[in-house]
Protein chains: 2
Amino acid sequence: MADKKKFVEAITSREEDFAQWYTDVVTKAGLVAYSTVKGCTILKPAGYAIWENIMHELDARFKATGVENVAMPLFIPESLLQKEKDHVEGFAPEVAWVTMGGGEVLPERLCVRPTSETLFCELYKDIIESYRDLPKCYNQWCSVVRWEKTTRPFLRTTEFWWQEGHTAHATAEEAEARTVQMLNVYADFCEQVLAIPVIKGRKTDKEKFAGAEQTYTIESMMHDGKALQSGTSHNFGDGFAKAFGIQYSDKDNQLKYVHQTSWGMSTRIIGAVIMVHGDDSGLVLPPRIAPTQVMVMPIAQHKPGVLEKAAEIKDQLAAAGLRVKVDDSDKNPGWKFSEQEMRGIPLRVEIGPKDIEAGVAVIVRRDTREKQIVPLAELTEAVKAALEAEQKDLYERAKAHLEAHIYEAKTYEEFKDIVANKPGFVKAEWCGDVACELKIKEDTTATSRCMPFHQEHIADTCVCCGRPAQKLVIWGKAY
Amino acid sequence: MADKKKFVEAITSREEDFAQWYTDVVTKAGLVAYSTVKGCTILKPAGYAIWENIMHELDARFKATGVENVAMPLFIPESLLQKEKDHVEGFAPEVAWVTMGGGEVLPERLCVRPTSETLFCELYKDIIESYRDLPKCYNQWCSVVRWEKTTRPFLRTTEFWWQEGHTAHATAEEAEARTVQMLNVYADFCEQVLAIPVIKGRKTDKEKFAGAEQTYTIESMMHDGKALQSGTSHNFGDGFAKAFGIQYSDKDNQLKYVHQTSWGMSTRIIGAVIMVHGDDSGLVLPPRIAPTQVMVMPIAQHKPGVLEKAAEIKDQLAAAGLRVKVDDSDKNPGWKFSEQEMRGIPLRVEIGPKDIEAGVAVIVRRDTREKQIVPLAELTEAVKAALEAEQKDLYERAKAHLEAHIYEAKTYEEFKDIVANKPGFVKAEWCGDVACELKIKEDTTATSRCMPFHQEHIADTCVCCGRPAQKLVIWGKAY
């Protein structure tokens, strides 16, 4: 492969240039290729396999809550996009328009979906008649398009892959409960599977989704202290229902508007995995999401019995339910180790003639590089235990990093000093006025990430204007 | 739901109007909804769940042959689409063009992918350098767009869902072997999972894919005797490699062009499942692909213990690995039975107070409506056996139907008579001249479906022109 030539050259270190480190990792770990299609990247096998695992895990969690999958059209007619005022204002500037099809100019232009609220509304209007038809909890896995001027793999691309859930409920209470439920699904998934601790909270009006009454978010902290919005869940109230006329006849025979939600997680989250766990040797993947969890490395593989033993170990670990491969290529072991580390494979098992003679193997964790000599009879259990420990440690390390980089600011001077000099988040009180959000962004480039569910009272006044405080807000620079 | 009101009204019978029967089934079984987006349909939960099962089964079979999944951009710049002459001529007339993005007119218009050969070629050109990089066997699951004037759910829609595999090989022999291998994967999948017998063969030059050297196909026969092309596999030789400059340095240090293939199966195949197995009560799904395999039907469910017993049976069958639900809605049993039949659920288990007292349940097959009274202690085994028998019988019935509707024609009079009067396929010899294909289509509307791998010699001369026969061809009217 083209990128292998330079494979063992060191990548840029995180401290030297975090952005360049990120680019080095996504390309050298084989996650992404650039395409000549402006703003669009290709997910290569190593990158797509992570997304497959994410889809698999999330989909099962969705279905356990009663969600059903559907597939909606790729295109939205302009008149349909325009039905809800705030929504169209939010999205129209960044969509791609199809104006010709089948050799003819179209009578009405179609946008390539930037999100599908309007299509789901149109469907729900058709299929919902009575309270018996509620709730409707549909989801789709697809790609969406939002025109971007500058792009970075996973973090900001014109086309990206995601899931979008859209639900319709009889009451405002049920819609609110579903909105929070799905945020919790995302938070649990991030913490348990991706080993990424998150802060749950509500977006300010300025930051909420176009057309939503409330947007809830999970925010995670990257290694450089910046925030990444990792999943959002929106409560639309009956705004879309009124715009689209989605009514049902209730038990009391009254026609009522449904209450709706939507919620999404995208390939962006792979950017978070990279930037939370990666190190100067490359990608570090939590075992639960790693496409390959264990790489068996035959040492002196030309010697009799080595490749056979490596294959036997592979089969044994695979039979225990692990995702395992053997690297029996003709590269030297040092190269193979670098490659495995660059690709973030959580564990390697080294097996050579001396190990076979001694009845042992060497296991090496990707995160700590800790080596352990294990009797072959205990290998499967040791590998499982090491993977579990690695999963747990990655989470604990990320959580410690998050907690160590959240600061409190009571005055605006403190606030500006922290944002300028300390990578991380700032907790500060806010009056509720968008003017203060705009001023803070203007002065510091930090934005309100969320009003955390867990509210503390750290001061009586807004950190920016000095008026009475309404909400504690988490602020930070963001991807 | 809106469509439930008319649910128990009979659908059009197949013999009366097959096209209307098809439309009735896809809508009343809840597979599809029409959208206001011209030519695009919505896959509703019952329809998408079939596609999910198809994806799951096919994906595992692909991966077992070394295929890796990727995600490619949705858009193809016009200049890229134009690189291979035959390919662009085949597709340019039916694509959708994006001409505006992010509020600006684009410097180069982008087509929404109708298929992605050109994008894969561009990627392969970048990542293939040496024989060590070969073969490359990539696949993607996505939707594609081909502008259609008239549309029918699953069979012909502007947007449809599919997988497209694209491979690059060192030699012509390897590419040919992969082309045939994937056709066999499709054929085995159709026969073993979808219970649809297929005829494997090669397309004539007239019918082959735009840019391919050879196109192989599996053709299946619908209940009305018409053909449906159910999966295709293309050998491109080095045509695309030369157009795109995809070369590798071989072991002998010579630069050589790769040889490529592509192969695809789409949501069209769901149309085949419907039209091969369905009957006048609605959809009939083979158990291996049915999202719900068993519906447990509590009878007199208000009586004490009935719902509990139904739930217990459900849990017991689910624990045995079956996909099972309970219909505990407040509809009457007759309605529930019709609904289960319309939706094609392969088996129902009826359980009422008298059954519980007698320690039995009644199982009823969807295809034969055969009833069987089974002791509760033997229920799981009986259900499994009934599902296996149903799967097998559906295949055998479809195979008998196929074989009973293939006719031989030695003269053009015979040929025209069969096509006009007997639904099904015609086997007839062909001289190899496209002029005869065109004349046959003009005279009869039948097209050459394939030159079957299994060649027989039934006459010495072309059925159309009387010149020497070159190939036996299967002809038929097609969807």
# chains A, B, ... in the order shown; residues from 1 in each chain; ligands from 1
>>> interface_residues(of="chain A", to="chain B", cutoff="7 Å", atoms="only C-alpha atoms", output="JSON list (two decimals) with C-alpha atoms, in the first residue's frame")
[["chain", "number", "residue", "atom", "x", "y", "z"],
["A", 1, "MET", "CA", 0.00, 0.00, 0.00],
["A", 2, "ALA", "CA", 1.07, 3.53, -0.76],
["A", 37, "VAL", "CA", -15.17, 15.00, -4.32],
["A", 40, "CYS", "CA", -16.17, 14.20, 1.06],
["A", 41, "THR", "CA", -13.95, 11.52, 2.54],
["A", 42, "ILE", "CA", -13.86, 7.77, 2.00],
["A", 43, "LEU", "CA", -14.18, 5.48, 4.99],
["A", 44, "LYS", "CA", -11.60, 2.76, 4.34],
["A", 45, "PRO", "CA", -12.00, -0.75, 5.79],
["A", 48, "TYR", "CA", -15.72, 1.65, 8.34],
["A", 68, "GLU", "CA", -37.94, 0.30, 14.38],
["A", 69, "ASN", "CA", -35.71, 1.01, 11.39],
["A", 70, "VAL", "CA", -36.93, 2.46, 8.10],
["A", 71, "ALA", "CA", -35.35, 3.98, 4.99],
["A", 72, "MET", "CA", -36.48, 7.39, 3.78],
["A", 73, "PRO", "CA", -35.78, 9.12, 0.47],
["A", 75, "PHE", "CA", -34.12, 13.92, -1.53],
["A", 76, "ILE", "CA", -36.38, 16.58, -0.02],
["A", 77, "PRO", "CA", -38.46, 18.79, -2.35],
["A", 93, "PRO", "CA", -27.88, 27.81, 3.47],
["A", 94, "GLU", "CA", -25.88, 24.59, 3.72],
["A", 95, "VAL", "CA", -27.68, 22.16, 1.45],
["A", 96, "ALA", "CA", -26.84, 20.73, -1.97],
["A", 97, "TRP", "CA", -29.50, 21.15, -4.64],
["A", 98, "VAL", "CA", -30.39, 18.71, -7.39],
["A", 99, "THR", "CA", -31.76, 20.72, -10.29],
["A", 100, "MET", "CA", -31.56, 18.19, -13.13],
["A", 101, "GLY", "CA", -32.61, 14.57, -13.42],
["A", 102, "GLY", "CA", -32.97, 12.16, -16.32],
["A", 103, "GLY", "CA", -31.71, 14.78, -18.74],
["A", 127, "ILE", "CA", -49.91, 6.91, 8.93],
["A", 128, "ILE", "CA", -51.03, 8.36, 12.27],
["A", 129, "GLU", "CA", -54.78, 8.57, 12.79],
["A", 133, "ASP", "CA", -51.00, 4.38, 16.31],
["A", 147, "TRP", "CA", -22.06, 21.84, 2.55]]
>>> select_by_dssp(residues="range 79-240 of chain B", states="strand (DSSP E)", output="JSON, numbers by chain")
{"B": [96, 97, 98, 99, 100, 101, 104, 105, 106, 107, 108, 109, 110, 111, 112, 136, 137, 138, 139, 140, 141, 142, 143, 144, 145, 159, 160, 161, 162, 163, 164, 165, 166, 167, 168, 169, 199, 200, 201, 202, 214, 215, 216, 217, 218, 219, 220, 221, 227, 228, 229, 230, 231, 232, 233, 234, 235, 236, 237]}
>>> residues_around(residues="His169 in chain B", least_positions_apart="4", cutoff="7 Å", atoms="only C-alpha atoms", output="ChimeraX atom specification")
/B:134-136,174-175,258-260
>>> residues_around(residues="Gly305 in chain A", least_positions_apart="3", cutoff="12 Å", atoms="only C-alpha atoms", output="list in words")
Pro298, Ile299, Ala300, Gln301, His302, Glu308, Lys309, Ala310, Ala311, Glu312, Ile351, Gly352, Pro353, Lys354, Asp355, Ile356 and Glu357 of chain A
